[in-house]
Amino acid sequence: DKSVGMWRKAGRDWSEAAPLTDEAEASTESSSTAEVPLEPPPNAGELPIPPLEMRQMVGPTDIAAFDNPSGAPVFADLPEAAYASVFDFGCGCGRLARQMIQQTTPPRRYIGVDLHPAMIRWCQEHLTPQAPAFEFLHHDVAHPSRNPGKDKPRTRPLPAADRSSSLVIAHSVFTHLVEADAEYYLTEIARILAPEGIFASTWFLFDKRLFPML
């Protein structure tokens with residue numbers, strides 16, 4: 001079993017499919033149960049850090065995993081043009097968004113969506129005021145614990161115009177979707193991705209023969 005990070009450029013084959021490091025794999029799909037010291041509140045003008053309970057839900061709890069003090073691009077291998085219009089599918093409590101806000105050249109436009117309403121609300125209240133180009137929207141689809149509701153749909157269109165996103169990110173999203181939902185959202189991503197856009201995603205791959213029950 002191995003998590004795999006992939007880049008896809010619109011209209012082209014996979015340009016890179018490199019296994020994540022053990023450290024990255026652990027932070028991608030697992031949450032830490034270790035005790036984490038309480039962090040002090042941010043000083044005036046500093047970007048707040050999401051609360052511990054939210055960080056535990058998305059995986060890494062270390063504050064350093066949400067920080068980008070160097071101002072370097074979050075994805076060092078991507079061209080600067082890729083950051084023109086970013087769509088973050090499954091943005092959680094804003095880990096990548098916070099790092100991108102700190103980039104020396106932040107995205108000109110960023111849309112982050114997630115099904116967890118409290119995380120989106122936190123981002124709207126704490127990140128958008130300091131980075132108005134960063135918009136966070138609740139993706140109101142059914143989830144038994146994070147967004148319950150018997151009348152909610154399993155899927156819904158992504159809130160972005162056709163061919164509008166130079167970079168679409170799906171970090172630890174497709175690892176949680178059933179096949180039909182994954183196919184739906186791959187179609188949606190193809191719709192919103194610009195002609196020369198890039199799709200950055202993580203996947204959990206395994207040999208079906210070894211896990212016939214899945």
# chains A, B, ... in the order shown; residues from 1 in each chain; ligands from 1
$ residues_around --residues "range 135-141 of chain A" --least-positions-apart "6" --cutoff "10 Å" --atoms "only C-alpha atoms" --output "ChimeraX atom specification"
/A:87-94,97,109-125,127-129,147-149,151-159
$ residues_around --residues "range 48-54 of chain A" --least-positions-apart "4" --cutoff "7 Å" --atoms "only C-alpha atoms" --output "list in words"
Pro42, Val58, Thr61, Cys93 and His126 of chain A
$ select_by_dssp --residues "range 111-184 of chain A" --states "helix (DSSP H, G or I)" --output "MDAnalysis selection string"
chainID A and resid 117:126 128:130 174:176 179:184
$ closest_residue --among "A:Leu186, A:Leu47, A:Pro106, A:Arg209" --to "Phe174 in chain A" --atoms "only C-alpha atoms"
A:Leu186
$ select_by_dssp --residues "range 38-114 of chain A" --states "strand (DSSP E)" --output "list of chain:residue names"
A:Ser85, A:Val86, A:Phe87, A:Asp88, A:Phe89, A:Arg109, A:Tyr110, A:Ile111, A:Gly112, A:Val113, A:Asp114
$ write_last_selection --atoms "N, CA and C atoms" --output "compact mmCIF listing (two decimals), in the first residue's frame"
# COMPACT_ATOMS: atom_id res chain seq x y z
N SER A 85 -4.60 31.31 -10.18
CA SER A 85 -5.96 31.06 -9.70
C SER A 85 -6.02 29.65 -9.14
N VAL A 86 -6.03 29.55 -7.82
CA VAL A 86 -5.93 28.26 -7.14
C VAL A 86 -7.31 27.82 -6.63
N PHE A 87 -7.63 26.56 -6.88
CA PHE A 87 -8.85 25.96 -6.32
C PHE A 87 -8.42 24.81 -5.43
N ASP A 88 -8.73 24.90 -4.14
CA ASP A 88 -8.31 23.92 -3.15
C ASP A 88 -9.52 23.09 -2.73
N PHE A 89 -9.64 21.91 -3.31
CA PHE A 89 -10.78 21.01 -3.06
C PHE A 89 -10.49 20.20 -1.81
N ARG A 109 -5.73 34.72 -6.84
CA ARG A 109 -7.07 34.30 -6.42
C ARG A 109 -6.99 32.88 -5.88
N TYR A 110 -7.73 32.64 -4.81
CA TYR A 110 -7.76 31.33 -4.16
C TYR A 110 -9.20 31.05 -3.72
N ILE A 111 -9.69 29.86 -4.06
CA ILE A 111 -10.98 29.39 -3.56
C ILE A 111 -10.74 28.07 -2.84
N GLY A 112 -11.13 28.00 -1.60
CA GLY A 112 -11.03 26.76 -0.84
C GLY A 112 -12.42 26.28 -0.46
N VAL A 113 -12.69 24.99 -0.67
CA VAL A 113 -13.99 24.43 -0.29
C VAL A 113 -13.78 23.21 0.59
N ASP A 114 -14.73 23.00 1.50
CA ASP A 114 -14.69 21.83 2.36
C ASP A 114 -16.09 21.57 2.87
$ residues_around --residues "Leu96 in chain A" --least-positions-apart "4" --cutoff "10 Å" --atoms "only C-alpha atoms" --output "ChimeraX atom specification"
/A:65-68,74,88,91-92,100-102,112,169,171
$ write_last_selection --atoms "all heavy atoms" --output "tab-separated table (two decimals), in the first residue's frame"
chain	number	residue	atom	x	y	z
A	65	ALA	N	3.65	22.61	10.46
A	65	ALA	CA	3.02	22.08	9.24
A	65	ALA	C	2.05	23.07	8.62
A	65	ALA	O	1.61	22.88	7.49
A	65	ALA	CB	2.30	20.77	9.56
A	66	PHE	N	1.69	24.11	9.35
A	66	PHE	CA	0.77	25.13	8.85
A	66	PHE	C	1.49	26.43	8.52
A	66	PHE	O	0.85	27.40	8.13
A	66	PHE	CB	-0.31	25.42	9.90
A	66	PHE	CG	-1.30	24.31	10.07
A	66	PHE	CD1	-0.97	23.14	10.76
A	66	PHE	CD2	-2.57	24.40	9.54
A	66	PHE	CE1	-1.87	22.11	10.90
A	66	PHE	CE2	-3.49	23.38	9.68
A	66	PHE	CZ	-3.14	22.22	10.36
A	67	ASP	N	2.79	26.44	8.67
A	67	ASP	CA	3.55	27.68	8.56
A	67	ASP	C	4.45	27.67	7.33
A	67	ASP	O	4.83	26.62	6.82
A	67	ASP	CB	4.40	27.87	9.82
A	67	ASP	CG	4.61	29.32	10.18
A	67	ASP	OD1	3.96	30.19	9.54
A	67	ASP	OD2	5.40	29.60	11.10
A	68	ASN	N	4.79	28.86	6.86
A	68	ASN	CA	5.68	29.00	5.71
A	68	ASN	C	6.54	30.25	5.91
A	68	ASN	O	6.43	31.23	5.17
A	68	ASN	CB	4.86	29.11	4.42
A	68	ASN	CG	5.73	29.19	3.17
A	68	ASN	OD1	6.92	28.90	3.20
A	68	ASN	ND2	5.14	29.62	2.07
A	74	VAL	N	4.55	26.86	-2.09
A	74	VAL	CA	4.16	25.62	-1.41
A	74	VAL	C	4.56	24.41	-2.24
A	74	VAL	O	5.05	23.42	-1.70
A	74	VAL	CB	2.65	25.63	-1.13
A	74	VAL	CG1	2.19	24.27	-0.63
A	74	VAL	CG2	2.30	26.72	-0.11
A	88	ASP	N	-8.73	24.90	-4.14
A	88	ASP	CA	-8.31	23.92	-3.15
A	88	ASP	C	-9.52	23.09	-2.73
A	88	ASP	O	-10.34	23.53	-1.92
A	88	ASP	CB	-7.70	24.65	-1.94
A	88	ASP	CG	-6.97	23.71	-0.99
A	88	ASP	OD1	-7.01	22.49	-1.19
A	88	ASP	OD2	-6.36	24.23	-0.03
A	91	CYS	N	-10.16	21.92	1.51
A	91	CYS	CA	-9.14	22.80	2.11
A	91	CYS	C	-9.02	22.63	3.61
A	91	CYS	O	-8.07	23.13	4.22
A	91	CYS	CB	-9.44	24.27	1.78
A	91	CYS	SG	-11.00	24.88	2.49
A	92	GLY	N	-9.98	21.93	4.23
A	92	GLY	CA	-9.92	21.75	5.68
A	92	GLY	C	-9.93	23.06	6.42
A	92	GLY	O	-10.68	23.99	6.11
A	100	MET	N	0.13	29.44	1.60
A	100	MET	CA	0.14	30.23	0.36
A	100	MET	C	0.00	31.72	0.64
A	100	MET	O	0.57	32.55	-0.09
A	100	MET	CB	-0.98	29.75	-0.57
A	100	MET	CG	-0.70	28.40	-1.19
A	100	MET	SD	-1.96	27.94	-2.41
A	100	MET	CE	-1.37	26.31	-2.86
A	101	ILE	N	-0.75	32.07	1.66
A	101	ILE	CA	-0.85	33.48	2.04
A	101	ILE	C	0.53	34.03	2.39
A	101	ILE	O	0.86	35.19	2.12
A	101	ILE	CB	-1.82	33.65	3.23
A	101	ILE	CG1	-3.26	33.35	2.78
A	101	ILE	CG2	-1.74	35.06	3.81
A	101	ILE	CD1	-4.25	33.29	3.92
A	102	GLN	N	1.37	33.18	2.97
A	102	GLN	CA	2.70	33.59	3.39
A	102	GLN	C	3.72	33.58	2.26
A	102	GLN	O	4.86	34.01	2.46
A	102	GLN	CB	3.18	32.68	4.53
A	102	GLN	CG	2.38	32.81	5.81
A	102	GLN	CD	2.83	31.80	6.84
A	102	GLN	OE1	2.66	30.60	6.68
A	102	GLN	NE2	3.44	32.29	7.91
A	112	GLY	N	-11.13	28.00	-1.60
A	112	GLY	CA	-11.03	26.76	-0.84
A	112	GLY	C	-12.42	26.28	-0.46
A	112	GLY	O	-13.25	27.07	-0.01
A	169	ILE	N	-6.05	21.70	-6.39
A	169	ILE	CA	-5.42	20.85	-5.38
A	169	ILE	C	-6.48	19.95	-4.76
A	169	ILE	O	-7.57	20.40	-4.42
A	169	ILE	CB	-4.77	21.71	-4.28
A	169	ILE	CG1	-3.75	22.68	-4.88
A	169	ILE	CG2	-4.11	20.82	-3.22
A	169	ILE	CD1	-3.31	23.76	-3.90
A	171	HIS	N	-5.83	17.41	-1.81
A	171	HIS	CA	-4.92	16.73	-0.89
A	171	HIS	C	-5.74	15.89	0.08
A	171	HIS	O	-6.55	16.41	0.85
A	171	HIS	CB	-4.08	17.76	-0.12
A	171	HIS	CG	-3.07	17.13	0.78
A	171	HIS	ND1	-1.82	16.75	0.33
A	171	HIS	CD2	-3.12	16.78	2.09
A	171	HIS	CE1	-1.14	16.22	1.34
A	171	HIS	NE2	-1.92	16.22	2.41
$ closest_residue --among "A:Phe211, A:Trp203, A:Phe134, A:Phe75" --to "Ala182 in chain A" --atoms "only C-alpha atoms"
A:Trp203
$ residues_around --residues "Val178 in chain A" --least-positions-apart "5" --cutoff "12 Å" --atoms "only C-alpha atoms" --output "ChimeraX atom specification"
/A:154-155,173,183-185,214
$ closest_residue --among "A:Arg98, A:His143, A:Arg191, A:Arg55" --to "His176 in chain A" --atoms "only C-alpha atoms"
A:His143
$ atom_distance --atom1 "CA of Ala142 in chain A" --atom2 "CA of Ala161 in chain A"
22.9 Å
